[in-house]
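Here's my_file_15.cif, which has mmCIF, N, CA and C atoms:
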```
data_entry
loop_
_atom_site.label_atom_id
_atom_site.label_comp_id
_atom_site.auth_asym_id
_atom_site.auth_seq_id
_atom_site.Cartn_x
_atom_site.Cartn_y
_atom_site.Cartn_z
N MET A 47 23.91 55.87 268.05
CA MET A 47 24.66 54.89 268.80
C MET A 47 23.72 53.77 269.25
N VAL A 48 24.13 52.54 269.01
CA VAL A 48 23.31 51.39 269.35
C VAL A 48 23.62 50.96 270.78
N LYS A 49 22.57 50.76 271.56
CA LYS A 49 22.77 50.31 272.94
C LYS A 49 22.76 48.80 272.98
N LYS A 50 23.66 48.25 273.78
CA LYS A 50 23.69 46.80 273.97
C LYS A 50 22.62 46.39 274.97
N GLU A 51 22.08 45.20 274.77
CA GLU A 51 21.09 44.69 275.71
C GLU A 51 21.77 44.36 277.04
N GLN A 52 21.07 44.68 278.11
CA GLN A 52 21.57 44.34 279.43
C GLN A 52 21.31 42.86 279.69
N VAL A 53 22.35 42.13 280.02
CA VAL A 53 22.21 40.71 280.32
C VAL A 53 22.04 40.56 281.82
N LYS A 54 21.04 39.80 282.22
CA LYS A 54 20.81 39.57 283.64
C LYS A 54 21.91 38.68 284.19
N THR A 55 22.44 39.08 285.32
CA THR A 55 23.47 38.27 285.97
C THR A 55 23.14 38.12 287.44
N ALA A 56 23.70 37.09 288.03
CA ALA A 56 23.60 36.87 289.47
C ALA A 56 24.97 36.45 289.95
N LYS A 57 25.32 36.87 291.17
CA LYS A 57 26.64 36.50 291.65
C LYS A 57 26.61 36.09 293.11
N ALA A 58 27.69 35.41 293.49
CA ALA A 58 27.87 34.98 294.87
C ALA A 58 29.34 35.14 295.22
N LYS A 59 29.59 35.50 296.48
CA LYS A 59 30.97 35.70 296.94
C LYS A 59 31.21 34.83 298.15
N ALA A 60 32.44 34.36 298.27
CA ALA A 60 32.89 33.67 299.48
C ALA A 60 34.14 34.38 299.95
N ARG A 61 34.18 34.68 301.23
CA ARG A 61 35.34 35.39 301.76
C ARG A 61 36.10 34.51 302.72
N THR A 62 37.36 34.78 302.81
CA THR A 62 38.30 34.08 303.70
C THR A 62 38.22 32.56 303.55
N ILE A 63 38.45 32.09 302.34
CA ILE A 63 38.60 30.66 302.08
C ILE A 63 40.04 30.31 302.39
N ARG A 64 40.25 29.29 303.16
CA ARG A 64 41.59 28.95 303.67
C ARG A 64 42.41 28.18 302.64
N VAL A 65 42.83 28.90 301.60
CA VAL A 65 43.72 28.36 300.57
C VAL A 65 44.34 29.55 299.86
N SER A 66 45.49 29.34 299.23
CA SER A 66 46.14 30.45 298.55
C SER A 66 45.36 30.80 297.28
N PRO A 67 45.37 32.08 296.90
CA PRO A 67 44.63 32.49 295.70
C PRO A 67 45.12 31.78 294.44
N ARG A 68 46.39 31.48 294.39
CA ARG A 68 46.95 30.82 293.21
C ARG A 68 46.34 29.43 293.00
N LYS A 69 46.16 28.69 294.09
CA LYS A 69 45.58 27.35 294.00
C LYS A 69 44.09 27.42 293.68
N LEU A 70 43.38 28.37 294.30
CA LEU A 70 41.94 28.50 294.06
C LEU A 70 41.67 28.98 292.64
N ASN A 71 42.56 29.77 292.08
CA ASN A 71 42.38 30.27 290.72
C ASN A 71 42.43 29.14 289.70
N LEU A 72 43.14 28.06 290.00
CA LEU A 72 43.16 26.91 289.09
C LEU A 72 41.75 26.33 288.94
N LEU A 73 41.01 26.27 290.05
CA LEU A 73 39.63 25.78 289.98
C LEU A 73 38.72 26.78 289.26
N ALA A 74 38.93 28.06 289.53
CA ALA A 74 38.11 29.08 288.88
C ALA A 74 38.29 29.02 287.36
N GLU A 75 39.51 28.80 286.91
CA GLU A 75 39.77 28.69 285.47
C GLU A 75 39.06 27.49 284.87
N SER A 76 38.95 26.41 285.64
CA SER A 76 38.36 25.19 285.09
C SER A 76 36.85 25.30 284.89
N ILE A 77 36.18 26.26 285.57
CA ILE A 77 34.73 26.38 285.41
C ILE A 77 34.31 27.59 284.59
N ARG A 78 35.23 28.49 284.30
CA ARG A 78 34.89 29.70 283.55
C ARG A 78 34.35 29.35 282.17
N GLY A 79 33.19 29.91 281.83
CA GLY A 79 32.60 29.70 280.51
C GLY A 79 31.79 28.43 280.35
N LEU A 80 31.77 27.57 281.35
CA LEU A 80 31.00 26.33 281.26
C LEU A 80 29.54 26.57 281.60
N LYS A 81 28.67 25.67 281.14
CA LYS A 81 27.28 25.70 281.58
C LYS A 81 27.27 25.36 283.06
N ALA A 82 26.26 25.84 283.77
CA ALA A 82 26.21 25.71 285.23
C ALA A 82 26.23 24.24 285.67
N ASP A 83 25.46 23.38 285.01
CA ASP A 83 25.42 21.98 285.43
C ASP A 83 26.75 21.28 285.18
N LYS A 84 27.42 21.63 284.09
CA LYS A 84 28.74 21.03 283.81
C LYS A 84 29.78 21.53 284.81
N ALA A 85 29.67 22.79 285.21
CA ALA A 85 30.61 23.36 286.17
C ALA A 85 30.44 22.69 287.54
N VAL A 86 29.21 22.42 287.93
CA VAL A 86 28.96 21.72 289.20
C VAL A 86 29.55 20.32 289.15
N ALA A 87 29.37 19.64 288.02
CA ALA A 87 29.94 18.30 287.86
C ALA A 87 31.47 18.35 287.92
N GLN A 88 32.05 19.37 287.29
CA GLN A 88 33.51 19.53 287.29
C GLN A 88 34.04 19.65 288.71
N LEU A 89 33.36 20.47 289.53
CA LEU A 89 33.81 20.68 290.89
C LEU A 89 33.50 19.48 291.79
N THR A 90 32.43 18.77 291.50
CA THR A 90 32.06 17.61 292.31
C THR A 90 33.13 16.53 292.22
N PHE A 91 33.67 16.32 291.03
CA PHE A 91 34.62 15.24 290.83
C PHE A 91 36.08 15.70 290.82
N SER A 92 36.32 16.93 291.22
CA SER A 92 37.69 17.43 291.31
C SER A 92 38.39 16.84 292.53
N LYS A 93 39.69 16.60 292.41
CA LYS A 93 40.45 16.02 293.51
C LYS A 93 40.97 17.07 294.48
N LYS A 94 40.81 18.34 294.14
CA LYS A 94 41.33 19.41 294.99
C LYS A 94 40.50 19.54 296.27
N ARG A 95 41.18 19.84 297.37
CA ARG A 95 40.51 19.97 298.66
C ARG A 95 39.52 21.12 298.68
N VAL A 96 39.86 22.20 298.04
CA VAL A 96 39.05 23.42 298.09
C VAL A 96 37.89 23.38 297.09
N ALA A 97 37.77 22.33 296.31
CA ALA A 97 36.70 22.23 295.32
C ALA A 97 35.32 22.26 295.97
N GLU A 98 35.22 21.73 297.17
CA GLU A 98 33.94 21.73 297.90
C GLU A 98 33.49 23.16 298.20
N GLU A 99 34.43 24.01 298.63
CA GLU A 99 34.10 25.42 298.90
C GLU A 99 33.71 26.14 297.62
N ALA A 100 34.44 25.88 296.54
CA ALA A 100 34.14 26.52 295.26
C ALA A 100 32.76 26.08 294.76
N LYS A 101 32.43 24.84 294.98
CA LYS A 101 31.12 24.32 294.58
C LYS A 101 30.00 25.02 295.34
N LYS A 102 30.22 25.28 296.63
CA LYS A 102 29.22 26.00 297.42
C LYS A 102 28.96 27.39 296.87
N VAL A 103 30.03 28.07 296.46
CA VAL A 103 29.88 29.42 295.90
C VAL A 103 29.09 29.36 294.59
N LEU A 104 29.41 28.39 293.75
CA LEU A 104 28.72 28.24 292.47
C LEU A 104 27.24 27.93 292.68
N LEU A 105 26.94 27.01 293.59
CA LEU A 105 25.55 26.66 293.87
C LEU A 105 24.79 27.85 294.45
N SER A 106 25.46 28.66 295.23
CA SER A 106 24.84 29.86 295.78
C SER A 106 24.51 30.86 294.66
N ALA A 107 25.41 31.02 293.70
CA ALA A 107 25.15 31.91 292.57
C ALA A 107 23.97 31.42 291.74
N ILE A 108 23.89 30.10 291.55
CA ILE A 108 22.78 29.51 290.80
C ILE A 108 21.46 29.74 291.54
N ALA A 109 21.47 29.55 292.86
CA ALA A 109 20.28 29.77 293.67
C ALA A 109 19.86 31.24 293.64
N ASN A 110 20.84 32.16 293.68
CA ASN A 110 20.53 33.59 293.59
C ASN A 110 19.87 33.92 292.25
N ALA A 111 20.38 33.31 291.18
CA ALA A 111 19.82 33.55 289.86
C ALA A 111 18.37 33.07 289.78
N GLU A 112 18.12 31.92 290.35
CA GLU A 112 16.78 31.33 290.29
C GLU A 112 15.79 32.08 291.17
N ASN A 113 16.18 32.36 292.40
CA ASN A 113 15.23 32.93 293.37
C ASN A 113 15.12 34.45 293.31
N ASN A 114 16.23 35.14 293.09
CA ASN A 114 16.21 36.59 293.13
C ASN A 114 15.97 37.24 291.77
N HIS A 115 16.37 36.56 290.69
CA HIS A 115 16.29 37.18 289.37
C HIS A 115 15.39 36.40 288.40
N ASN A 116 14.74 35.34 288.86
CA ASN A 116 13.82 34.53 288.05
C ASN A 116 14.43 34.07 286.73
N MET A 117 15.67 33.58 286.80
CA MET A 117 16.34 33.08 285.59
C MET A 117 16.08 31.58 285.45
N ASP A 118 16.21 31.10 284.21
CA ASP A 118 16.06 29.68 283.92
C ASP A 118 17.37 28.97 284.26
N VAL A 119 17.30 28.02 285.17
CA VAL A 119 18.51 27.34 285.65
C VAL A 119 19.18 26.53 284.55
N ASP A 120 18.39 26.00 283.62
CA ASP A 120 18.94 25.16 282.56
C ASP A 120 19.75 25.96 281.53
N ARG A 121 19.57 27.28 281.50
CA ARG A 121 20.28 28.11 280.52
C ARG A 121 21.41 28.91 281.15
N LEU A 122 21.75 28.66 282.42
CA LEU A 122 22.79 29.44 283.08
C LEU A 122 24.19 29.04 282.64
N VAL A 123 25.05 30.04 282.53
CA VAL A 123 26.44 29.84 282.15
C VAL A 123 27.31 30.60 283.15
N VAL A 124 28.45 30.04 283.51
CA VAL A 124 29.39 30.73 284.39
C VAL A 124 30.08 31.80 283.56
N ARG A 125 29.69 33.04 283.76
CA ARG A 125 30.25 34.13 282.97
C ARG A 125 31.61 34.55 283.50
N GLU A 126 31.71 34.68 284.83
CA GLU A 126 32.98 35.07 285.45
C GLU A 126 33.20 34.21 286.68
N ALA A 127 34.43 33.89 286.93
CA ALA A 127 34.84 33.24 288.17
C ALA A 127 36.24 33.76 288.46
N TYR A 128 36.35 34.57 289.50
CA TYR A 128 37.65 35.15 289.79
C TYR A 128 37.96 35.09 291.27
N VAL A 129 39.25 35.19 291.56
CA VAL A 129 39.77 35.00 292.90
C VAL A 129 40.62 36.20 293.27
N GLY A 130 40.56 36.58 294.55
CA GLY A 130 41.37 37.67 295.04
C GLY A 130 42.01 37.31 296.37
N LYS A 131 42.98 38.13 296.76
CA LYS A 131 43.66 37.90 298.03
C LYS A 131 42.79 38.36 299.19
N ALA A 132 42.88 37.67 300.28
CA ALA A 132 42.25 38.10 301.53
C ALA A 132 43.39 38.28 302.54
N MET A 133 43.09 38.10 303.80
CA MET A 133 44.13 38.31 304.81
C MET A 133 45.19 37.20 304.76
N VAL A 134 46.29 37.46 305.43
CA VAL A 134 47.37 36.48 305.54
C VAL A 134 47.73 36.34 307.01
N MET A 135 47.65 35.10 307.52
CA MET A 135 48.07 34.86 308.90
C MET A 135 49.56 34.58 308.90
N LYS A 136 50.27 35.24 309.79
CA LYS A 136 51.71 35.04 309.88
C LYS A 136 52.02 34.29 311.17
N ARG A 137 52.70 33.19 311.03
CA ARG A 137 53.05 32.35 312.17
C ARG A 137 54.56 32.12 312.14
N PHE A 138 55.07 31.54 313.19
CA PHE A 138 56.49 31.19 313.17
C PHE A 138 56.68 29.78 313.65
N GLN A 139 57.81 29.21 313.22
CA GLN A 139 58.19 27.86 313.61
C GLN A 139 59.64 27.93 314.05
N ALA A 140 59.95 27.21 315.07
CA ALA A 140 61.32 27.22 315.58
C ALA A 140 62.26 26.68 314.51
N GLY A 141 63.36 27.39 314.32
CA GLY A 141 64.34 26.98 313.33
C GLY A 141 65.65 26.57 313.99
N ALA A 142 66.64 26.29 313.19
CA ALA A 142 67.92 25.83 313.69
C ALA A 142 68.66 26.97 314.40
N LYS A 143 69.48 26.63 315.37
CA LYS A 143 70.34 27.56 316.09
C LYS A 143 69.56 28.68 316.77
N GLY A 144 68.37 28.37 317.28
CA GLY A 144 67.59 29.35 318.02
C GLY A 144 66.89 30.39 317.18
N ARG A 145 66.84 30.19 315.90
CA ARG A 145 66.18 31.15 315.02
C ARG A 145 64.70 30.82 314.88
N ALA A 146 63.97 31.74 314.28
CA ALA A 146 62.55 31.52 313.98
C ALA A 146 62.34 31.58 312.48
N ASN A 147 61.56 30.66 311.96
CA ASN A 147 61.22 30.65 310.53
C ASN A 147 59.77 31.09 310.37
N ARG A 148 59.53 31.94 309.40
CA ARG A 148 58.21 32.48 309.18
C ARG A 148 57.35 31.52 308.37
N ILE A 149 56.09 31.38 308.76
CA ILE A 149 55.11 30.59 308.02
C ILE A 149 53.99 31.54 307.63
N ILE A 150 53.63 31.56 306.36
CA ILE A 150 52.56 32.42 305.87
C ILE A 150 51.37 31.53 305.50
N LYS A 151 50.20 31.85 306.07
CA LYS A 151 48.99 31.08 305.79
C LYS A 151 47.99 32.00 305.08
N PRO A 152 47.94 31.95 303.75
CA PRO A 152 47.09 32.88 302.99
C PRO A 152 45.62 32.46 302.95
N PHE A 153 44.75 33.44 302.79
CA PHE A 153 43.32 33.24 302.60
C PHE A 153 42.93 33.87 301.27
N SER A 154 41.78 33.46 300.72
CA SER A 154 41.34 33.95 299.42
C SER A 154 39.87 34.36 299.47
N ASN A 155 39.48 35.22 298.53
CA ASN A 155 38.09 35.53 298.27
C ASN A 155 37.75 34.99 296.88
N MET A 156 36.53 34.49 296.71
CA MET A 156 36.13 33.98 295.40
C MET A 156 34.78 34.57 295.02
N THR A 157 34.65 34.97 293.76
CA THR A 157 33.39 35.51 293.24
C THR A 157 33.02 34.74 291.98
N VAL A 158 31.76 34.32 291.91
CA VAL A 158 31.25 33.62 290.73
C VAL A 158 30.04 34.39 290.21
N VAL A 159 30.05 34.70 288.91
CA VAL A 159 28.95 35.41 288.27
C VAL A 159 28.36 34.49 287.21
N VAL A 160 27.04 34.27 287.29
CA VAL A 160 26.35 33.44 286.29
C VAL A 160 25.37 34.32 285.52
N ALA A 161 25.14 33.96 284.27
CA ALA A 161 24.20 34.70 283.41
C ALA A 161 23.46 33.70 282.54
N GLU A 162 22.27 34.13 282.08
CA GLU A 162 21.53 33.27 281.17
C GLU A 162 22.21 33.30 279.81
N GLN A 163 22.27 32.14 279.18
CA GLN A 163 22.90 32.04 277.87
C GLN A 163 22.01 32.74 276.86
N GLU A 164 22.63 33.55 276.00
CA GLU A 164 21.86 34.27 275.00
C GLU A 164 21.36 33.30 273.95
N THR A 165 20.20 33.61 273.39
CA THR A 165 19.65 32.75 272.34
C THR A 165 20.47 32.92 271.07
N ALA A 166 20.34 31.99 270.18
CA ALA A 166 21.09 32.05 268.92
C ALA A 166 20.66 33.26 268.12
N PRO A 167 21.59 33.94 267.45
CA PRO A 167 21.21 35.13 266.68
C PRO A 167 20.31 34.76 265.50
N LYS A 168 19.41 35.68 265.17
CA LYS A 168 18.50 35.44 264.05
C LYS A 168 19.27 35.51 262.74
N ALA A 169 18.83 34.70 261.78
CA ALA A 169 19.49 34.67 260.47
C ALA A 169 19.20 35.97 259.73
N THR A 170 20.22 36.56 259.15
CA THR A 170 20.05 37.79 258.38
C THR A 170 19.72 37.45 256.94
N ALA A 171 19.39 38.46 256.17
CA ALA A 171 19.03 38.26 254.77
C ALA A 171 20.19 37.67 253.97
N LYS A 172 21.42 38.11 254.27
CA LYS A 172 22.60 37.61 253.55
C LYS A 172 22.80 36.12 253.80
N THR A 173 22.65 35.69 255.04
CA THR A 173 22.87 34.27 255.34
C THR A 173 21.76 33.42 254.73
N LYS A 174 20.53 33.96 254.67
CA LYS A 174 19.44 33.21 254.04
C LYS A 174 19.71 32.99 252.56
N LYS A 175 20.20 34.05 251.88
CA LYS A 175 20.50 33.93 250.46
C LYS A 175 21.64 32.95 250.22
N ALA A 176 22.65 32.97 251.09
CA ALA A 176 23.77 32.07 250.92
C ALA A 176 23.35 30.63 251.10
N THR A 177 22.48 30.35 252.07
CA THR A 177 22.02 28.97 252.27
C THR A 177 21.13 28.53 251.12
N GLN A 178 20.33 29.44 250.53
CA GLN A 178 19.48 29.08 249.41
C GLN A 178 20.31 28.73 248.19
N LYS A 179 21.41 29.49 247.96
CA LYS A 179 22.28 29.19 246.83
C LYS A 179 22.92 27.84 246.98
N LYS A 180 23.34 27.48 248.21
CA LYS A 180 23.97 26.17 248.44
C LYS A 180 22.97 25.05 248.19
N GLU A 181 21.71 25.27 248.60
CA GLU A 181 20.69 24.23 248.42
C GLU A 181 20.35 24.04 246.95
N ASN A 182 20.36 25.12 246.18
CA ASN A 182 20.03 25.05 244.76
C ASN A 182 21.08 24.33 243.95
N LYS A 183 22.33 24.34 244.40
CA LYS A 183 23.41 23.70 243.66
C LYS A 183 23.37 22.25 243.79
#
```
Target encoding structure tokens, full file:
Amino acid sequence: MVKKEQVKTAKAKARTIRVSPRKLNLLAESIRGLKADKAVAQLTFSKKRVAEEAKKVLLSAIANAENNHNMDVDRLVVREAYVGKAMVMKRFQAGAKGRANRIIKPFSNMTVVVAEQETAPKATAKTKKATQKKENK
């Protein structure tokens, strides 16, 4: 059985971000799989209010990778970015005819995992032969 190489990763979490998980997940989707510098640029110029909080989490993950795991910042890629539910504050607002209407104020947790980009795979003997045949023609 062949063992897979362990890829170094670094992560950062933010808890109780004051936005619904559904809205924050839209930002998480936009940075998933991007290089770290492109993801920071994406969040910097996003029009969403919560983009600033998401950017802080991403920058924290990048700093953790650099300082704690000695990774190369230029080769970092956002491997995972996911969002989960946190607490929900329940409030009420006066409604018509003496009733009360419920207001739900959701919070979210966000986790960002960055990893160094793997180097390009080495050319195998088959691919070398195929490229030589193309060059000879």
Exercise. Of the residues A:Ala97, A:Ile77, A:Leu122, A:Ala161, which is the one nearest to Arg64 (chain A), using only C-alpha atoms?
Worked result: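 That would be A:Ala97, the residue with the smallest distance to Arg64 (chain A).
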For this session: Check what the PyMOL selection byres ((chain A and resi 111) around 8) selects in the file above and give those residues as an MDAnalysis selection string.
Result: chainID A and resid 54:58 105:110 112:119 160:161
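When all atoms listed in the file are used to compute distances to Glu75 (chain A), the closest of the residues A:Ile63, A:Gly144, A:Ala127, A:Lys151 turns out to be A:Ala127.
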Exercise. So which residues get picked by the PyMOL selection byres (((chain A and resi 60 and name CA) around 7) and name CA) here, written as a PyMOL selection string?
Worked result: chain A and resi 58-59+61-63+103+155-157
Problem set entry | Using only C-alpha atoms: which of A:Val159, A:Leu89, A:Val53, A:Ile149 has the shortest distance to Val129 (chain A) | A:Val159
Exercise. If you apply the PyMOL selection byres ((chain A and resi 131) around 8) to this file, what residues do you get, as a ChimeraX atom specification?
Worked result: /A:62,66-68,129-130,132-134,152-156
Please return, as a PDB file with N, CA and C atoms, in the coordinates of the input, all polymer residues that have at least one atom within 6.5 Å of the point (26.3, 28.1, 280.3); use only N, CA and C atoms and the file's own coordinate frame.
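And here's point_30.pdb as it stands now:
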```
ATOM      1  N   GLY A  79      33.190  29.910 281.830  1.00  0.00           N
ATOM      2  CA  GLY A  79      32.600  29.700 280.510  1.00  0.00           C
ATOM      3  C   GLY A  79      31.790  28.430 280.350  1.00  0.00           C
ATOM      4  N   LEU A  80      31.770  27.570 281.350  1.00  0.00           N
ATOM      5  CA  LEU A  80      31.000  26.330 281.260  1.00  0.00           C
ATOM      6  C   LEU A  80      29.540  26.570 281.600  1.00  0.00           C
ATOM      7  N   LYS A  81      28.670  25.670 281.140  1.00  0.00           N
ATOM      8  CA  LYS A  81      27.280  25.700 281.580  1.00  0.00           C
ATOM      9  C   LYS A  81      27.270  25.360 283.060  1.00  0.00           C
ATOM     10  N   ALA A  82      26.260  25.840 283.770  1.00  0.00           N
ATOM     11  CA  ALA A  82      26.210  25.710 285.230  1.00  0.00           C
ATOM     12  C   ALA A  82      26.230  24.240 285.670  1.00  0.00           C
ATOM     13  N   ARG A 121      19.570  27.280 281.500  1.00  0.00           N
ATOM     14  CA  ARG A 121      20.280  28.110 280.520  1.00  0.00           C
ATOM     15  C   ARG A 121      21.410  28.910 281.150  1.00  0.00           C
ATOM     16  N   LEU A 122      21.750  28.660 282.420  1.00  0.00           N
ATOM     17  CA  LEU A 122      22.790  29.440 283.080  1.00  0.00           C
ATOM     18  C   LEU A 122      24.190  29.040 282.640  1.00  0.00           C
ATOM     19  N   VAL A 123      25.050  30.040 282.530  1.00  0.00           N
ATOM     20  CA  VAL A 123      26.440  29.840 282.150  1.00  0.00           C
ATOM     21  C   VAL A 123      27.310  30.600 283.150  1.00  0.00           C
ATOM     22  N   VAL A 124      28.450  30.040 283.510  1.00  0.00           N
ATOM     23  CA  VAL A 124      29.390  30.730 284.390  1.00  0.00           C
ATOM     24  C   VAL A 124      30.080  31.800 283.560  1.00  0.00           C
ATOM     25  N   GLN A 163      22.270  32.140 279.180  1.00  0.00           N
ATOM     26  CA  GLN A 163      22.900  32.040 277.870  1.00  0.00           C
ATOM     27  C   GLN A 163      22.010  32.740 276.860  1.00  0.00           C
TER      28      GLN A 163
END
```
Give the padded box for region 95-103 of chain A as JSON: axis-aligned, covering all atoms listed in the file, 3 Å on each side, centre and edge lengths in Å to one decimal.
```
{"center_x": 35.1, "center_y": 24.6, "center_z": 296.7, "size_x": 18.2, "size_y": 15.6, "size_z": 10.3}
```
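Relative to CA of Asp83 (chain A), CA of Val96 (chain A) is found at 18.7 Å.
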